[in-house]
Amino acid sequence: MSLVLDIALCALILGVGLATVAGHGVFRAVIFFITYGLLLAIGWARLGAYDVALAEAAISAGLTGVLLLAAHGRLRRLSAAEEAPLRRNLPAALIATGVALALGWAWFALPDPAAPDLTAALPQSGVGNPVTAVLLNFRAWDTLLEAIILLAALIGLWMLARDRAWNEPLGLQYHARAGGVMASFGRVLPPIGLIFGVYLVWAGAETTGGAFQGGTVLAAVCLVSLMAGVLPAPRIAQTAWRAALVFGPGVFLLSGVAGAIFAQGFLALPPALAKPAIVTIEAALTLSIAVTLVLLVIGPPDDGGQDA
Amino acid sequence: MADIATYLLTGLGLVFFIAGTVGLIRFPDQFSRLHALTKGDNLGLGFIALGVAFQTDTWAQVAMLVLIWGLALLAAGTVAPLVARAALTESRKP
Amino acid sequence: MTIWLHILAIALLASLGGALWRVWRGPSQADRMMAAQLIGTGGVAVLMVLAALQDWTLLAVAFALATLAALAAVGFVKSESPDGAGDPEEAPPATELRGTVQDRTRNG
C-alpha cells in the first residue's frame, strides 16, 4: 500500500514538473511551480527527511511564490511578459535535459557513499537532532560560508540599484485599505509566525527545526506585515537593519575564532559548551537569515523611474 | 472505539475534499468555484484533523492539530475575499 | 488503521490531481490561484495523515504550510493591483462592484 502512495506522489511531482516547463504562459508556470514545492515537501516527508520537508514547505509556500508572482506582475507592468519563441527555448531545454541525465547517471554510477555512523558521535555534538549536529558542529564551516553567501547575494542585489535611488525605501511601497482584510491579516499572522519561528529554532536542537527553517518562517511573516503596509519599508542606510544582517555571521565567526584560541581549532566546540554555543549561534543566525531573506525578496531600492 | 471514530471522521473529511475538487472542476464561473473550495476543503480539513486527533499520543499533538486547522481557516478567510475582489477588477478590465 | 491511512493519503493526493487540472485549464488567473490554494489545504491534510502514519513531528511541517498558506495569494492580489503594491479593497467603490456581479449573473 505504501508503494502505491509513493508511486502516486512521484507521478504527481513529475506531472507538475512537466506542466511547469511545458505549458504556455508565465503565470501558469509560476502557479505550477508553487504547487511543485508543496508536493516536494510531501515527498521529503515520505523519505523521512523532516528537516528538509520543513525547509521546502517554508521556502516554497512563503518566499518563492511571493517572489515569482511579484516578478510576473512587474514584467507585465513593463509589458515585457511576452513568451520566448520555441527555437530560443530549445537550447535551454536541451541543456537542462543534459544536466538532468548527467546527474542521474552520476547517481547510479557512483558507489554507495560510506557515510560515517553519526550515532556514535552524536553525544559529543551537544544536540540530539543529527541534522543540527552536522550543520552547526561537524560541518560548521559549510554553514558559516552559506550564511556569508546569503549576505553576498543581498549585496549583489543592491548593486542593481541606481545611485540616486540609494537612499529610497527598499522595494515597492506597499499599501492596503486601513482596517481591510489584508491589513488585519498583516496584524494577526505575524505574532503567530513569530512564536512558531522561535519554537522551530529552539526545538531544532533536539527534533525537527533549525535556524534556516525558523528564519524562513520569520521572514515570511515579516513579508506579510510589509505587504499589508503595517511595517514601513526598510532603507539600506538604517543601522538596525544592517546590524541584523551581520549579527548572525558575526557571532558565528567570533565563536569560530574563540574555538581556535580556547579549543582544538577554528569552529571547534568543546562538548561541555557545545549545546549553549549551538543555541546561541542558531539564535543569532536565525535573525540574520530572516532579515536577509526579507530584503532579498523585496528587492533593491526603487525610485519609481523607468528602467533604461 | 477510537479507530472507528477515525474511520468515520476522516472518511467524512475525504468526502468534503472530493466535493471541493469536483466543485472546482465542474462549477461554471470563478466565483462559484471560489465558494466551492473555500467551504468544502476547509470543512474537510477540520474533519480529517478531528479524525487524526483520535490517533494521537499526547494532548500537545491534539492542540497542534486544532491550531493547524485554525490557521487554515484564517488563511482561507483572508484569501477568498481578496482573490474574489481581484478577480472582479480583472474581469472588468476591457 | 495503517491501510486506511494509506488509502486516505492516496485519495487526498488524487483529489489534488483534480485541482491540478484547474491550474492547467484556468481560464482566469484567479482560478489558477484558487486551485493552488486548494492544493495547499490538501497538502496540509496529507501531511496530517502522514503524521499519524509515520511520525508526529510532521505536524510541524503541516503547521508551517498552514501558517504560510495565504502568502502566495496575498502576493498574487498585490501583483494584480495597478502599481503592484496595492490592495484590491482600495480601488473600486462597492456599488460599482455590485452592479458588475448582477450583470455577470444576468448575462449568465
# chains A, B, ... in the order shown; residues from 1 in each chain; ligands from 1
call {"tool": "residues_around", "arguments": {"residues": "Ile7 (chain A)", "least_positions_apart": "6", "cutoff": "12 Å", "atoms": "only C-alpha atoms", "output": "number ranges by chain"}}
result
A: 1, 13-15, 43, 46; C: 10, 13-14
call {"tool": "write_last_selection", "arguments": {"atoms": "C-alpha atoms", "output": "mmCIF file, in the first residue's frame"}}
result
data_model
loop_
_atom_site.group_PDB
_atom_site.id
_atom_site.type_symbol
_atom_site.label_atom_id
_atom_site.label_comp_id
_atom_site.auth_asym_id
_atom_site.auth_seq_id
_atom_site.Cartn_x
_atom_site.Cartn_y
_atom_site.Cartn_z
ATOM 1 C CA MET A 1 0.000 0.000 0.000
ATOM 2 C CA ILE A 13 5.599 15.505 -8.779
ATOM 3 C CA LEU A 14 6.714 14.505 -12.291
ATOM 4 C CA GLY A 15 3.442 15.675 -13.839
ATOM 5 C CA GLY A 43 7.951 13.836 -0.899
ATOM 6 C CA ARG A 46 7.728 10.447 2.854
ATOM 7 C CA ILE C 10 -3.768 8.342 -1.841
ATOM 8 C CA LEU C 13 -3.468 13.129 -3.497
ATOM 9 C CA ALA C 14 -5.897 12.088 -6.248
#
call {"tool": "residues_around", "arguments": {"residues": "Asp31 (chain C)", "least_positions_apart": "6", "cutoff": "9 Å", "atoms": "only C-alpha atoms", "output": "PyMOL selection string"}}
result
(chain B and resi 24+30-31+33-34+87) or (chain C and resi 22-23+25)
call {"tool": "write_last_selection", "arguments": {"atoms": "C-alpha atoms", "output": "PDB file, in the first residue's frame"}}
result
ATOM      1  CA  LEU B  24     -13.564  23.430  -8.579  1.00  0.00           C
ATOM      2  CA  GLN B  30     -14.829  31.547 -10.999  1.00  0.00           C
ATOM      3  CA  PHE B  31     -16.897  32.960  -8.136  1.00  0.00           C
ATOM      4  CA  ARG B  33     -15.640  27.785  -7.834  1.00  0.00           C
ATOM      5  CA  LEU B  34     -14.144  30.029  -5.169  1.00  0.00           C
ATOM      6  CA  ALA B  87     -10.937  38.662  -9.966  1.00  0.00           C
TER       7      ALA B  87
ATOM      8  CA  ARG C  22      -7.954  23.540 -12.981  1.00  0.00           C
ATOM      9  CA  VAL C  23      -4.477  25.088 -12.706  1.00  0.00           C
ATOM     10  CA  ARG C  25      -7.114  24.865 -17.676  1.00  0.00           C
TER      11      ARG C  25
END
call {"tool": "closest_atom_pairs", "arguments": {"of": "region 3-88 of chain C", "to": "region 35-49 of chain B", "cutoff": "10 Å", "atoms": "only C-alpha atoms", "output": "CSV"}}
result
residue,atom,partner,partner_atom,distance
C:Leu8,CA,B:Ile48,CA,9.6
C:Ala19,CA,B:Leu37,CA,9.8
C:Met34,CA,B:Leu37,CA,8.0
C:Ala35,CA,B:Leu37,CA,8.3
C:Gln37,CA,B:Thr38,CA,8.7
C:Leu38,CA,B:Leu37,CA,6.5
C:Ile39,CA,B:Asp41,CA,9.5
C:Thr41,CA,B:Asp41,CA,7.0
C:Gly42,CA,B:Asp41,CA,7.4
C:Gly43,CA,B:Leu45,CA,10.0
C:Val44,CA,B:Leu45,CA,7.9
C:Ala45,CA,B:Leu45,CA,5.9
C:Val46,CA,B:Ile48,CA,9.3
C:Met48,CA,B:Ala49,CA,7.0
C:Val49,CA,B:Ile48,CA,7.9
call {"tool": "closest_atom_pairs", "arguments": {"of": "chain C", "to": "chain B", "cutoff": "9 Å", "atoms": "only C-alpha atoms", "output": "JSON lines"}}
result
{"residue": "C:Met1", "atom": "CA", "partner": "B:Asp3", "partner_atom": "CA", "distance": 7.1}
{"residue": "C:Trp4", "atom": "CA", "partner": "B:Tyr7", "partner_atom": "CA", "distance": 7.6}
{"residue": "C:Leu5", "atom": "CA", "partner": "B:Tyr7", "partner_atom": "CA", "distance": 8.9}
{"residue": "C:Leu8", "atom": "CA", "partner": "B:Leu14", "partner_atom": "CA", "distance": 7.3}
{"residue": "C:Ala11", "atom": "CA", "partner": "B:Leu14", "partner_atom": "CA", "distance": 7.6}
{"residue": "C:Leu12", "atom": "CA", "partner": "B:Leu14", "partner_atom": "CA", "distance": 6.9}
{"residue": "C:Ala14", "atom": "CA", "partner": "B:Ile18", "partner_atom": "CA", "distance": 9.0}
{"residue": "C:Ser15", "atom": "CA", "partner": "B:Ile18", "partner_atom": "CA", "distance": 5.8}
{"residue": "C:Leu16", "atom": "CA", "partner": "B:Thr21", "partner_atom": "CA", "distance": 7.5}
{"residue": "C:Gly18", "atom": "CA", "partner": "B:Thr21", "partner_atom": "CA", "distance": 6.2}
{"residue": "C:Ala19", "atom": "CA", "partner": "B:Thr21", "partner_atom": "CA", "distance": 5.9}
{"residue": "C:Trp21", "atom": "CA", "partner": "B:Ile25", "partner_atom": "CA", "distance": 7.7}
{"residue": "C:Arg22", "atom": "CA", "partner": "B:Ile25", "partner_atom": "CA", "distance": 6.3}
{"residue": "C:Pro27", "atom": "CA", "partner": "B:Gln30", "partner_atom": "CA", "distance": 8.9}
{"residue": "C:Ser28", "atom": "CA", "partner": "B:Gln30", "partner_atom": "CA", "distance": 7.8}
{"residue": "C:Gln29", "atom": "CA", "partner": "B:Ala87", "partner_atom": "CA", "distance": 7.9}
{"residue": "C:Ala30", "atom": "CA", "partner": "B:Ala87", "partner_atom": "CA", "distance": 5.7}
{"residue": "C:Asp31", "atom": "CA", "partner": "B:Gln30", "partner_atom": "CA", "distance": 6.0}
{"residue": "C:Met33", "atom": "CA", "partner": "B:Val83", "partner_atom": "CA", "distance": 8.1}
{"residue": "C:Met34", "atom": "CA", "partner": "B:Leu34", "partner_atom": "CA", "distance": 6.7}
{"residue": "C:Ala35", "atom": "CA", "partner": "B:Leu24", "partner_atom": "CA", "distance": 7.4}
{"residue": "C:Gln37", "atom": "CA", "partner": "B:Ala76", "partner_atom": "CA", "distance": 8.2}
{"residue": "C:Leu38", "atom": "CA", "partner": "B:Leu37", "partner_atom": "CA", "distance": 6.5}
{"residue": "C:Thr41", "atom": "CA", "partner": "B:Asp41", "partner_atom": "CA", "distance": 7.0}
{"residue": "C:Gly42", "atom": "CA", "partner": "B:Asp41", "partner_atom": "CA", "distance": 7.4}
{"residue": "C:Val44", "atom": "CA", "partner": "B:Leu45", "partner_atom": "CA", "distance": 7.9}
{"residue": "C:Ala45", "atom": "CA", "partner": "B:Leu45", "partner_atom": "CA", "distance": 5.9}
{"residue": "C:Met48", "atom": "CA", "partner": "B:Ala49", "partner_atom": "CA", "distance": 7.0}
{"residue": "C:Val49", "atom": "CA", "partner": "B:Val52", "partner_atom": "CA", "distance": 6.8}
{"residue": "C:Ala51", "atom": "CA", "partner": "B:Val52", "partner_atom": "CA", "distance": 8.8}
{"residue": "C:Ala52", "atom": "CA", "partner": "B:Val52", "partner_atom": "CA", "distance": 6.6}
{"residue": "C:Trp56", "atom": "CA", "partner": "B:Gln61", "partner_atom": "CA", "distance": 7.5}
{"residue": "C:Leu59", "atom": "CA", "partner": "B:Met64", "partner_atom": "CA", "distance": 7.1}
{"residue": "C:Ala60", "atom": "CA", "partner": "B:Met64", "partner_atom": "CA", "distance": 8.3}
{"residue": "C:Ala62", "atom": "CA", "partner": "B:Ile68", "partner_atom": "CA", "distance": 7.1}
{"residue": "C:Phe63", "atom": "CA", "partner": "B:Ile68", "partner_atom": "CA", "distance": 5.4}
{"residue": "C:Ala64", "atom": "CA", "partner": "B:Ile68", "partner_atom": "CA", "distance": 8.7}
{"residue": "C:Leu65", "atom": "CA", "partner": "B:Ala72", "partner_atom": "CA", "distance": 8.8}
{"residue": "C:Ala66", "atom": "CA", "partner": "B:Ala72", "partner_atom": "CA", "distance": 5.2}
{"residue": "C:Thr67", "atom": "CA", "partner": "B:Leu71", "partner_atom": "CA", "distance": 5.9}
{"residue": "C:Leu68", "atom": "CA", "partner": "B:Ala75", "partner_atom": "CA", "distance": 8.0}
{"residue": "C:Ala69", "atom": "CA", "partner": "B:Ala75", "partner_atom": "CA", "distance": 6.0}
{"residue": "C:Ala70", "atom": "CA", "partner": "B:Ala75", "partner_atom": "CA", "distance": 4.9}
{"residue": "C:Leu71", "atom": "CA", "partner": "B:Ala75", "partner_atom": "CA", "distance": 8.4}
{"residue": "C:Ala73", "atom": "CA", "partner": "B:Val79", "partner_atom": "CA", "distance": 6.2}
{"residue": "C:Val74", "atom": "CA", "partner": "B:Val79", "partner_atom": "CA", "distance": 6.9}
{"residue": "C:Phe76", "atom": "CA", "partner": "B:Val83", "partner_atom": "CA", "distance": 8.1}
{"residue": "C:Val77", "atom": "CA", "partner": "B:Ala86", "partner_atom": "CA", "distance": 5.9}
{"residue": "C:Lys78", "atom": "CA", "partner": "B:Ala86", "partner_atom": "CA", "distance": 9.0}
{"residue": "C:Glu80", "atom": "CA", "partner": "B:Ala86", "partner_atom": "CA", "distance": 6.8}
{"residue": "C:Ser81", "atom": "CA", "partner": "B:Ala86", "partner_atom": "CA", "distance": 7.7}
{"residue": "C:Asp87", "atom": "CA", "partner": "B:Leu82", "partner_atom": "CA", "distance": 8.0}
{"residue": "C:Pro88", "atom": "CA", "partner": "B:Ala86", "partner_atom": "CA", "distance": 5.4}
{"residue": "C:Glu89", "atom": "CA", "partner": "B:Arg85", "partner_atom": "CA", "distance": 7.0}
{"residue": "C:Pro92", "atom": "CA", "partner": "B:Thr89", "partner_atom": "CA", "distance": 7.9}
{"residue": "C:Leu97", "atom": "CA", "partner": "B:Leu88", "partner_atom": "CA", "distance": 7.4}
{"residue": "C:Thr100", "atom": "CA", "partner": "B:Arg92", "partner_atom": "CA", "distance": 7.7}
{"residue": "C:Val101", "atom": "CA", "partner": "B:Leu88", "partner_atom": "CA", "distance": 8.1}
call {"tool": "write_last_selection", "arguments": {"atoms": "C-alpha atoms", "output": "CSV table (one decimal), in the first residue's frame"}}
result
chain,number,residue,atom,x,y,z
C,1,MET,CA,-5.7,1.5,10.6
C,4,TRP,CA,-6.9,3.1,5.8
C,5,LEU,CA,-4.5,6.0,6.4
C,8,LEU,CA,-6.8,8.2,2.7
C,11,ALA,CA,-7.4,9.6,-2.2
C,12,LEU,CA,-6.3,13.1,-1.0
C,14,ALA,CA,-5.9,12.1,-6.2
C,15,SER,CA,-8.2,15.0,-5.3
C,16,LEU,CA,-5.2,17.3,-5.5
C,18,GLY,CA,-8.1,17.0,-9.9
C,19,ALA,CA,-7.3,20.5,-8.7
C,21,TRP,CA,-6.4,20.2,-13.9
C,22,ARG,CA,-8.0,23.5,-13.0
C,27,PRO,CA,-9.1,30.2,-17.7
C,28,SER,CA,-8.6,33.2,-15.4
C,29,GLN,CA,-5.6,33.8,-13.1
C,30,ALA,CA,-7.9,33.8,-10.1
C,31,ASP,CA,-9.0,30.3,-11.0
C,33,MET,CA,-4.6,30.9,-7.8
C,34,MET,CA,-7.6,29.4,-6.0
C,35,ALA,CA,-6.7,25.9,-7.3
C,37,GLN,CA,-4.9,27.4,-2.6
C,38,LEU,CA,-6.9,24.1,-2.6
C,41,THR,CA,-5.0,22.9,2.0
C,42,GLY,CA,-4.9,19.4,0.6
C,44,VAL,CA,-1.8,20.1,4.9
C,45,ALA,CA,-4.4,17.3,5.1
C,48,MET,CA,-1.6,15.3,8.9
C,49,VAL,CA,-2.4,11.8,7.7
C,51,ALA,CA,2.0,12.4,10.7
C,52,ALA,CA,-0.3,9.7,12.0
C,56,TRP,CA,4.2,13.1,14.7
C,59,LEU,CA,2.8,18.2,12.3
C,60,ALA,CA,5.5,20.9,12.4
C,62,ALA,CA,1.8,20.9,8.4
C,63,PHE,CA,1.9,23.9,10.8
C,64,ALA,CA,4.4,25.7,8.6
C,65,LEU,CA,2.3,25.1,5.5
C,66,ALA,CA,-0.9,26.3,7.2
C,67,THR,CA,0.8,29.4,8.6
C,68,LEU,CA,2.1,30.4,5.2
C,69,ALA,CA,-0.9,29.2,3.2
C,70,ALA,CA,-2.2,32.7,2.4
C,71,LEU,CA,1.1,34.2,1.4
C,73,ALA,CA,-2.4,34.5,-2.7
C,74,VAL,CA,-1.6,37.8,-0.9
C,76,PHE,CA,-1.0,37.5,-6.2
C,77,VAL,CA,-3.6,40.1,-5.3
C,78,LYS,CA,-0.7,42.6,-4.7
C,80,GLU,CA,-2.7,42.2,-9.7
C,81,SER,CA,-3.2,45.8,-8.4
C,87,ASP,CA,-4.9,46.1,-2.2
C,88,PRO,CA,-8.0,45.0,-4.2
C,89,GLU,CA,-10.1,46.5,-1.4
C,92,PRO,CA,-13.2,50.4,-6.8
C,97,LEU,CA,-18.8,46.2,-8.0
C,100,THR,CA,-20.8,44.1,-12.1
C,101,VAL,CA,-21.9,40.9,-10.3
call {"tool": "interface_residues", "arguments": {"of": "chain A", "to": "chain B", "cutoff": "9 Å", "atoms": "only C-alpha atoms", "output": "count of residues only"}}
result
5
call {"tool": "atom_distance", "arguments": {"atom1": "CA of Ala152 (chain A)", "atom2": "CA of Phe247 (chain A)"}}
result
14.3 Å
call {"tool": "interface_residues", "arguments": {"of": "chain A", "to": "chain C", "cutoff": "6 Å", "atoms": "only C-alpha atoms", "output": "list in words"}}
result
Leu5, Leu54, Ala57, Ala61, Gly62, Gly65, Val66, Leu69, Ala70, Gly73, Tyr174, His175, Ala176 and Arg177 of chain A
call {"tool": "select_by_dssp", "arguments": {"residues": "region 4-99 of chain C", "states": "helix (DSSP H, G or I)", "output": "MDAnalysis selection string"}}
result
chainID C and resid 4:25 29:53 58:67 71:80 94:99
call {"tool": "atom_distance", "arguments": {"atom1": "CA of Pro301 (chain A)", "atom2": "CA of Cys222 (chain A)"}}
result
17.8 Å
call {"tool": "closest_residue", "arguments": {"among": "A:Lys275, A:Arg74, A:His24, A:Arg235", "to": "Glu206 (chain A)", "atoms": "only C-alpha atoms"}}
result
A:Lys275
call {"tool": "residues_around", "arguments": {"residues": "Ala140 (chain A)", "least_positions_apart": "4", "cutoff": "9 Å", "atoms": "only C-alpha atoms", "output": "PyMOL selection string"}}
result
chain A and resi 133-136+144-145+256+267-268
